file start.txt (compact mmCIF, C-alpha atoms)
# COMPACT_ATOMS: atom_id res chain seq x y z
CA MET A 1 89.60 -13.30 104.45
CA GLN A 2 89.29 -13.01 100.72
CA LYS A 3 86.29 -14.41 98.85
CA TRP A 4 86.76 -17.79 100.44
CA PHE A 5 83.14 -18.74 100.90
CA GLY A 6 82.28 -18.56 97.19
CA ILE A 7 82.77 -22.20 96.33
CA VAL A 8 79.18 -23.41 96.43
CA LEU A 9 78.77 -24.91 92.96
CA VAL A 10 82.30 -26.13 92.36
CA LEU A 11 81.33 -29.66 93.44
CA VAL A 12 80.48 -30.34 89.82
CA ILE A 13 84.17 -30.54 88.94
CA GLY A 14 84.39 -33.99 90.47
CA LEU A 15 85.83 -33.38 93.91
CA SER A 16 83.07 -35.11 95.81
CA GLY A 17 85.52 -37.29 97.71
CA CYS A 18 87.67 -34.48 99.07
CA ALA A 19 85.89 -34.16 102.39
CA GLN A 20 88.07 -36.94 103.78
CA THR A 21 91.34 -35.18 102.92
CA PRO A 22 93.90 -35.70 105.70
CA GLU A 23 94.48 -32.74 108.01
CA SER A 24 98.23 -33.19 107.70
CA GLU A 25 98.22 -32.54 103.94
CA ILE A 26 100.80 -29.92 102.93
CA PHE A 27 99.71 -27.49 100.25
CA SER A 28 101.82 -25.47 97.84
CA VAL A 29 99.86 -22.30 98.52
CA THR A 30 100.75 -19.19 100.44
CA ALA A 31 98.63 -17.43 103.03
CA PRO A 32 97.91 -13.72 102.59
CA LYS A 33 100.85 -11.53 103.55
CA ASN A 34 101.00 -8.23 105.38
CA VAL A 35 98.21 -9.08 107.77
CA ASP A 36 98.78 -8.96 111.52
CA TYR A 37 96.30 -11.43 112.97
CA SER A 38 96.98 -10.17 116.48
CA VAL A 39 95.40 -6.76 115.91
CA VAL A 40 92.29 -7.50 117.96
CA ASP A 41 92.17 -6.75 121.65
CA GLU A 42 92.03 -10.21 123.22
CA GLU A 43 89.86 -9.00 126.09
CA SER A 44 87.19 -7.15 124.20
CA GLY A 45 87.68 -8.72 120.76
CA LEU A 46 86.49 -5.45 119.25
CA ASP A 47 87.98 -2.49 117.41
CA SER A 48 86.18 0.67 118.44
CA ASP A 49 87.13 2.64 115.31
CA ILE A 50 85.64 0.19 112.82
CA ASN A 51 82.46 1.18 110.98
CA ASP A 52 80.24 -1.86 111.52
CA PRO A 53 76.66 -0.57 111.86
CA LEU A 54 75.20 -3.94 110.83
CA GLU A 55 77.21 -5.94 113.32
CA GLY A 56 74.23 -7.97 114.53
CA PHE A 57 73.40 -9.11 111.00
CA ASN A 58 77.07 -9.51 110.14
CA ARG A 59 77.72 -11.79 113.09
CA TRP A 60 74.73 -13.94 112.18
CA MET A 61 75.97 -14.15 108.60
CA TRP A 62 79.48 -14.91 109.83
CA ASP A 63 78.13 -17.86 111.83
CA PHE A 64 76.30 -19.13 108.75
CA ASN A 65 79.37 -18.82 106.53
CA TYR A 66 81.90 -20.03 109.09
CA ASP A 67 79.93 -22.83 110.75
CA ILE A 68 78.00 -24.19 107.75
CA LEU A 69 79.24 -23.12 104.33
CA ASP A 70 82.94 -23.25 105.08
CA PRO A 71 83.36 -26.63 106.82
CA TYR A 72 80.87 -28.47 104.62
CA VAL A 73 81.52 -26.87 101.22
CA ALA A 74 84.29 -24.27 100.85
CA ARG A 75 87.04 -25.95 102.87
CA PRO A 76 86.69 -29.55 101.61
CA VAL A 77 86.32 -28.47 97.98
CA SER A 78 89.29 -26.08 98.20
CA VAL A 79 91.47 -28.64 99.98
CA GLY A 80 90.49 -31.25 97.43
CA TYR A 81 91.31 -28.90 94.57
CA VAL A 82 94.87 -28.19 95.74
CA THR A 83 95.38 -31.84 96.75
CA TYR A 84 94.13 -33.73 93.70
CA ILE A 85 94.59 -31.31 90.81
CA PRO A 86 98.18 -31.54 89.51
CA SER A 87 100.27 -28.54 90.52
CA PRO A 88 101.22 -27.61 86.92
CA VAL A 89 97.54 -27.46 85.99
CA ARG A 90 96.68 -25.28 88.99
CA LYS A 91 99.67 -23.07 88.28
CA GLY A 92 98.64 -22.59 84.67
CA VAL A 93 95.08 -21.70 85.69
CA SER A 94 96.31 -19.26 88.34
CA ASN A 95 98.74 -17.64 85.90
CA PHE A 96 96.05 -17.26 83.24
CA LEU A 97 93.56 -15.71 85.65
CA ALA A 98 96.17 -13.41 87.19
CA ASN A 99 97.14 -12.16 83.75
CA LEU A 100 93.57 -10.98 83.19
CA ASP A 101 93.95 -8.59 86.14
CA GLU A 102 97.15 -6.92 84.94
CA PRO A 103 95.47 -4.17 82.82
CA SER A 104 93.27 -2.96 85.69
CA SER A 105 96.33 -2.96 87.95
CA ILE A 106 98.09 -0.76 85.40
CA VAL A 107 95.30 1.82 85.51
CA ASN A 108 94.86 1.71 89.28
CA ASN A 109 98.57 2.07 89.94
CA LEU A 110 98.63 5.10 87.68
CA LEU A 111 95.73 6.56 89.66
CA MET A 112 97.74 5.94 92.84
CA GLY A 113 100.83 7.61 91.39
CA ASN A 114 102.77 4.35 91.11
CA GLY A 115 104.19 4.77 87.63
CA ASP A 116 107.00 2.28 88.21
CA LYS A 117 104.57 -0.42 89.36
CA ALA A 118 102.22 0.32 86.46
CA LEU A 119 105.12 -0.24 84.06
CA ILE A 120 105.89 -3.60 85.68
CA HIS A 121 102.25 -4.70 85.30
CA PHE A 122 102.30 -3.52 81.67
CA ASN A 123 105.45 -5.44 80.84
CA ARG A 124 104.16 -8.56 82.58
CA PHE A 125 100.90 -8.40 80.65
CA TRP A 126 102.28 -8.09 77.14
CA ILE A 127 105.14 -10.54 77.71
CA ASN A 128 102.94 -13.24 79.26
CA THR A 129 100.12 -12.67 76.76
CA PHE A 130 102.28 -12.97 73.65
CA PHE A 131 105.00 -15.35 74.80
CA GLY A 132 103.31 -17.19 77.67
CA ILE A 133 100.28 -18.61 75.84
CA VAL A 134 97.89 -15.82 76.97
CA GLY A 135 99.36 -15.92 80.45
CA VAL A 136 99.32 -19.66 81.15
CA ILE A 137 103.11 -19.61 81.47
CA ASP A 138 104.67 -16.86 83.56
CA ILE A 139 107.48 -15.89 81.21
CA ALA A 140 107.79 -12.46 82.82
CA SER A 141 108.82 -13.91 86.18
CA ALA A 142 111.41 -16.06 84.41
CA ALA A 143 112.70 -12.81 82.91
CA GLU A 144 112.98 -11.42 86.46
CA ILE A 145 109.93 -9.16 86.12
CA GLY A 146 108.35 -10.23 89.38
CA LYS A 147 104.64 -10.37 90.07
CA LEU A 148 103.21 -7.56 92.18
CA ASP A 149 100.01 -7.51 94.20
CA ASN A 150 96.99 -6.54 92.15
CA LYS A 151 95.56 -3.09 92.66
CA GLU A 152 91.80 -2.68 92.45
CA PHE A 153 89.84 0.52 91.98
CA GLY A 154 88.84 0.42 95.64
CA ASP A 155 92.55 0.51 96.51
CA ALA A 156 92.96 3.66 94.43
CA LEU A 157 90.00 5.24 96.22
CA GLY A 158 91.49 4.35 99.60
CA ASN A 159 94.86 5.74 98.57
CA HIS A 160 93.18 9.09 97.91
CA GLY A 161 91.55 9.21 101.31
CA VAL A 162 88.20 7.48 100.74
CA GLY A 163 87.30 5.54 103.88
CA HIS A 164 86.15 1.96 104.04
CA GLY A 165 82.54 2.83 104.73
CA PRO A 166 80.28 0.31 106.47
CA TYR A 167 81.59 -3.24 106.78
CA VAL A 168 79.22 -5.97 105.62
CA MET A 169 79.44 -9.77 105.79
CA LEU A 170 77.66 -11.25 102.78
CA PRO A 171 76.40 -14.81 102.44
CA VAL A 172 78.77 -17.01 100.40
CA TYR A 173 80.92 -14.05 99.29
CA GLY A 174 82.27 -13.05 102.69
CA PRO A 175 83.40 -9.61 103.93
CA VAL A 176 83.14 -6.44 101.89
CA THR A 177 83.07 -2.70 102.50
CA VAL A 178 81.27 0.05 100.62
CA ARG A 179 84.59 1.21 99.16
CA ASN A 180 85.13 -2.24 97.66
CA THR A 181 81.98 -1.90 95.59
CA GLY A 182 83.97 0.44 93.36
CA ASP A 183 85.94 -2.57 92.17
CA PHE A 184 83.29 -3.17 89.50
CA VAL A 185 85.16 -0.51 87.51
CA ASP A 186 87.99 -3.00 86.99
CA GLY A 187 85.67 -5.16 84.92
CA LEU A 188 85.28 -2.35 82.39
CA TYR A 189 88.85 -2.75 81.14
CA LEU A 190 90.00 -5.26 78.58
CA PRO A 191 90.22 -8.24 78.76
CA LEU A 192 87.89 -8.54 81.76
CA SER A 193 85.21 -6.61 79.90
CA TYR A 194 84.93 -9.52 77.44
CA LEU A 195 84.12 -12.03 80.15
CA GLY A 196 80.49 -13.00 80.44
CA PHE A 197 78.75 -13.91 83.67
CA VAL A 198 79.69 -17.60 83.68
CA PRO A 199 83.42 -17.05 82.96
CA SER A 200 83.51 -14.30 85.59
CA VAL A 201 82.00 -16.62 88.18
CA GLY A 202 84.45 -19.33 87.18
CA LYS A 203 87.37 -16.94 87.65
CA TRP A 204 86.09 -15.98 91.09
CA LEU A 205 85.59 -19.60 92.11
CA PHE A 206 89.02 -20.84 91.07
CA GLU A 207 90.73 -17.87 92.73
CA GLY A 208 88.54 -18.44 95.78
CA MET A 209 89.62 -22.08 96.09
CA GLU A 210 93.29 -21.10 96.06
CA SER A 211 92.66 -18.35 98.61
CA ARG A 212 90.67 -20.62 100.93
CA ALA A 213 93.26 -23.39 100.79
CA ALA A 214 95.97 -20.87 101.64
CA LEU A 215 94.14 -20.03 104.88
CA VAL A 216 94.21 -23.58 106.25
CA SER A 217 97.35 -22.80 108.23
CA GLN A 218 95.61 -19.81 109.84
CA GLU A 219 92.58 -21.73 111.08
CA VAL A 220 94.09 -22.32 114.52
CA LEU A 221 94.17 -18.55 115.08
CA LEU A 222 90.44 -18.34 114.51
CA ASP A 223 89.77 -21.42 116.60
CA ASN A 224 91.75 -19.98 119.52
CA SER A 225 90.41 -16.46 119.21
CA PRO A 226 87.80 -15.28 121.75
CA ASP A 227 86.08 -13.45 118.90
CA PRO A 228 86.88 -14.91 115.45
CA TYR A 229 84.43 -12.51 113.79
CA ALA A 230 86.27 -9.44 115.09
CA LEU A 231 89.63 -11.01 114.28
CA THR A 232 88.60 -11.66 110.70
CA ARG A 233 87.14 -8.17 110.35
CA SER A 234 90.31 -6.52 111.63
CA ALA A 235 92.58 -8.64 109.44
CA TYR A 236 90.43 -7.95 106.39
CA LEU A 237 90.40 -4.18 106.90
CA GLN A 238 94.12 -4.15 107.64
CA ARG A 239 94.75 -5.97 104.39
CA GLN A 240 92.59 -3.45 102.52
CA ASP A 241 94.59 -0.56 103.99
CA PHE A 242 97.83 -2.26 102.99
CA ASN A 243 96.60 -2.72 99.42
CA ALA A 244 95.58 0.93 99.30
CA GLU A 245 99.02 1.88 100.64
CA VAL A 246 97.44 3.78 103.49
CA ASP A 247 99.96 4.93 106.08
CA SER A 248 98.03 4.69 109.34
CA ASP A 249 100.69 6.61 111.28
CA GLU A 250 100.71 9.40 108.72
CA GLN A 251 96.91 9.50 108.70
CA ALA A 252 96.85 9.70 112.49
CA LEU A 253 99.33 12.58 112.38
CA ASP A 254 97.20 14.41 109.79
CA ASP A 255 94.11 13.95 111.95
CA GLU A 256 95.99 15.26 114.99
CA LEU A 257 97.17 18.34 113.08
CA LEU A 258 93.63 19.02 111.86
CA LEU A 259 92.35 18.73 115.42
CA GLU A 260 95.02 21.14 116.65
CA ASP A 261 94.09 23.66 113.93
CA PHE A 262 90.44 23.32 114.87
CA MET A 263 91.20 23.88 118.56
CA ASP A 264 93.36 26.90 117.69
CA GLU A 265 90.44 28.41 115.78
CA ILE A 266 88.17 27.88 118.80
CA ASP A 267 90.73 29.48 121.12
CA ALA A 268 91.04 32.43 118.76
CA GLU A 269 87.34 33.04 119.01

call {"tool": "encode", "arguments": {"input": "start.txt", "output": "structure tokens"}}
result
Amino acid sequence: MQKWFGIVLVLVIGLSGCAQTPESEIFSVTAPKNVDYSVVDEESGLDSDINDPLEGFNRWMWDFNYDILDPYVARPVSVGYVTYIPSPVRKGVSNFLANLDEPSSIVNNLLMGNGDKALIHFNRFWINTFFGIVGVIDIASAAEIGKLDNKEFGDALGNHGVGHGPYVMLPVYGPVTVRNTGDFVDGLYLPLSYLGFVPSVGKWLFEGMESRAALVSQEVLLDNSPDPYALTRSAYLQRQDFNAEVDSDEQALDDELLLEDFMDEIDAE
């Protein structure tokens, strides 16, 4: 689940009454795609191949985030944001923030060998920047240059075989892996490099509210899961592999071939 606990200080924007938002409210947001929320073994609730050496701490932090921060801060503020802020305003904010990520997606797609996708990100960036009021209006989509998923530096690392590394659940921020820490590189490219600390936090918060609101429809899966922590962990890592364009079947085949070569060498000796 993406950065959906980082909404702590957003109460200052005047959404103090959003905690009473009706449960039946329908939001114009979309839940994350390409995630199979049934990946966890329902009996054990665990994935044996996941690198989670700090699981005891992570589960404690999960309880803190999930049972305290989310229901009392993140969820009501996010629901209030998508409910009471006019859709055109939210759309403009989302478009503007998304446009800031296009340059890093250009570079990361090139690193992943996706020249065609890098060109799409490039065309979207210059068109929306110059003709869409610095990205507030998505002119590129109107010109049938559709928006692609962002690619972060951690995705490029994963695409080239770098593993996730240890999985960690952070307070407020949520889940992260060691590989994701490489994403700081994306902030070195223009225009993100011009953002100071406060604007960067604001970007993260507004994107976090949209992401958290999009997950409302998935809450029942967590509520009904025998191990919501493991379910969230598996879904998060699966999403990271999808972003990195990691072919799990191909990787498994490569590992099997390496094992066969290793065994052949042993037999030869």

call {"tool": "closest_residue", "arguments": {"input": "start.txt", "among": "A:Gly182, A:Pro175, A:Glu144, A:Phe153", "to": "A:Ile127", "atoms": "only C-alpha atoms"}}
result
A:Glu144

call {"tool": "residues_around", "arguments": {"input": "start.txt", "residues": "A:Asn109", "least_positions_apart": "5", "cutoff": "10 Å", "atoms": "all atoms listed in the file", "output": "PyMOL selection string"}}
result
chain A and resi 103-104+114-119+121+150-153+155-156+244

call {"tool": "write_last_selection", "arguments": {"input": "start.txt", "atoms": "C-alpha atoms", "output": "mmCIF file, in the coordinates of the input"}}
result
data_model
loop_
_atom_site.group_PDB
_atom_site.id
_atom_site.type_symbol
_atom_site.label_atom_id
_atom_site.label_comp_id
_atom_site.auth_asym_id
_atom_site.auth_seq_id
_atom_site.Cartn_x
_atom_site.Cartn_y
_atom_site.Cartn_z
ATOM 1 C CA PRO A 103 95.470 -4.170 82.820
ATOM 2 C CA SER A 104 93.270 -2.960 85.690
ATOM 3 C CA ASN A 114 102.770 4.350 91.110
ATOM 4 C CA GLY A 115 104.190 4.770 87.630
ATOM 5 C CA ASP A 116 107.000 2.280 88.210
ATOM 6 C CA LYS A 117 104.570 -0.420 89.360
ATOM 7 C CA ALA A 118 102.220 0.320 86.460
ATOM 8 C CA LEU A 119 105.120 -0.240 84.060
ATOM 9 C CA HIS A 121 102.250 -4.700 85.300
ATOM 10 C CA ASN A 150 96.990 -6.540 92.150
ATOM 11 C CA LYS A 151 95.560 -3.090 92.660
ATOM 12 C CA GLU A 152 91.800 -2.680 92.450
ATOM 13 C CA PHE A 153 89.840 0.520 91.980
ATOM 14 C CA ASP A 155 92.550 0.510 96.510
ATOM 15 C CA ALA A 156 92.960 3.660 94.430
ATOM 16 C CA ALA A 244 95.580 0.930 99.300
#

call {"tool": "atom_distance", "arguments": {"input": "start.txt", "atom1": "atom CA of A:Phe96", "atom2": "atom CA of A:Lys203"}}
result
9.7 Å

call {"tool": "closest_residue", "arguments": {"input": "start.txt", "among": "A:Pro226, A:Glu210, A:Val168, A:Gln238", "to": "A:Gly80", "atoms": "only C-alpha atoms"}}
result
A:Glu210

call {"tool": "atom_distance", "arguments": {"input": "start.txt", "atom1": "atom CA of A:Glu207", "atom2": "atom CA of A:Asp186"}}
result
16.2 Å

call {"tool": "residues_near_point", "arguments": {"input": "start.txt", "point": "(92.6, 12.4, 98.3)", "cutoff": "12 Å", "atoms": "only C-alpha atoms", "output": "PyMOL selection string"}}
result
chain A and resi 111-113+156-163+244+246+251

call {"tool": "closest_residue", "arguments": {"input": "start.txt", "among": "A:Asn58, A:Ser105, A:Asn128, A:Thr83", "to": "A:Ala230", "atoms": "only C-alpha atoms"}}
result
A:Asn58

call {"tool": "atom_distance", "arguments": {"input": "start.txt", "atom1": "atom CA of A:Trp126", "atom2": "atom CA of A:Phe184"}}
result
23.2 Å

call {"tool": "closest_residue", "arguments": {"input": "start.txt", "among": "A:Val136, A:Val79, A:Leu69, A:Met61", "to": "A:Lys91", "atoms": "all atoms listed in the file"}}
result
A:Val136

call {"tool": "closest_atom_pairs", "arguments": {"input": "start.txt", "of": "stretch 45-141 of chain A", "to": "stretch 217-223 of chain A", "cutoff": "12 Å", "atoms": "all atoms listed in the file", "output": "JSON lines"}}
result
{"residue": "A:Gly45", "atom": "CA", "partner": "A:Leu222", "partner_atom": "CA", "distance": 11.8}
{"residue": "A:Tyr66", "atom": "CA", "partner": "A:Leu222", "partner_atom": "CA", "distance": 10.3}
{"residue": "A:Asp67", "atom": "CA", "partner": "A:Asp223", "partner_atom": "CA", "distance": 11.5}
{"residue": "A:Asp70", "atom": "CA", "partner": "A:Glu219", "partner_atom": "CA", "distance": 11.5}
{"residue": "A:Pro71", "atom": "CA", "partner": "A:Glu219", "partner_atom": "CA", "distance": 11.3}
{"residue": "A:Arg75", "atom": "CA", "partner": "A:Glu219", "partner_atom": "CA", "distance": 10.8}
{"residue": "A:Val79", "atom": "CA", "partner": "A:Ser217", "partner_atom": "CA", "distance": 11.7}

call {"tool": "closest_residue", "arguments": {"input": "start.txt", "among": "A:Ala98, A:Arg239, A:Pro228, A:Ala214", "to": "A:Val82", "atoms": "only C-alpha atoms"}}
result
A:Ala214

call {"tool": "residues_around", "arguments": {"input": "start.txt", "residues": "A:Thr177", "least_positions_apart": "5", "cutoff": "10 Å", "atoms": "only C-alpha atoms", "output": "PDB file with C-alpha atoms, keeping the file's coordinate frame"}}
result
ATOM      1  CA  ASN A  51      82.460   1.180 110.980  1.00  0.00           C
ATOM      2  CA  ASP A  52      80.240  -1.860 111.520  1.00  0.00           C
ATOM      3  CA  GLY A 154      88.840   0.420  95.640  1.00  0.00           C
ATOM      4  CA  GLY A 163      87.300   5.540 103.880  1.00  0.00           C
ATOM      5  CA  HIS A 164      86.150   1.960 104.040  1.00  0.00           C
ATOM      6  CA  GLY A 165      82.540   2.830 104.730  1.00  0.00           C
ATOM      7  CA  PRO A 166      80.280   0.310 106.470  1.00  0.00           C
ATOM      8  CA  TYR A 167      81.590  -3.240 106.780  1.00  0.00           C
ATOM      9  CA  VAL A 168      79.220  -5.970 105.620  1.00  0.00           C
ATOM     10  CA  MET A 169      79.440  -9.770 105.790  1.00  0.00           C
ATOM     11  CA  GLY A 182      83.970   0.440  93.360  1.00  0.00           C
ATOM     12  CA  TYR A 236      90.430  -7.950 106.390  1.00  0.00           C
ATOM     13  CA  LEU A 237      90.400  -4.180 106.900  1.00  0.00           C
ATOM     14  CA  GLN A 240      92.590  -3.450 102.520  1.00  0.00           C
TER      15      GLN A 240
END

call {"tool": "closest_residue", "arguments": {"input": "start.txt", "among": "A:Val107, A:Val93, A:Leu54, A:Val201", "to": "A:Ile120", "atoms": "all atoms listed in the file"}}
result
A:Val107

call {"tool": "axis_aligned_box", "arguments": {"input": "start.txt", "around": "stretch 69-87 of chain A", "padding_each_side": "3 Å", "output": "AutoDock Vina command-line options"}}
result
--center_x 89.8 --center_y -28.4 --center_z 98.2 --size_x 27.0 --size_y 16.6 --size_z 23.3
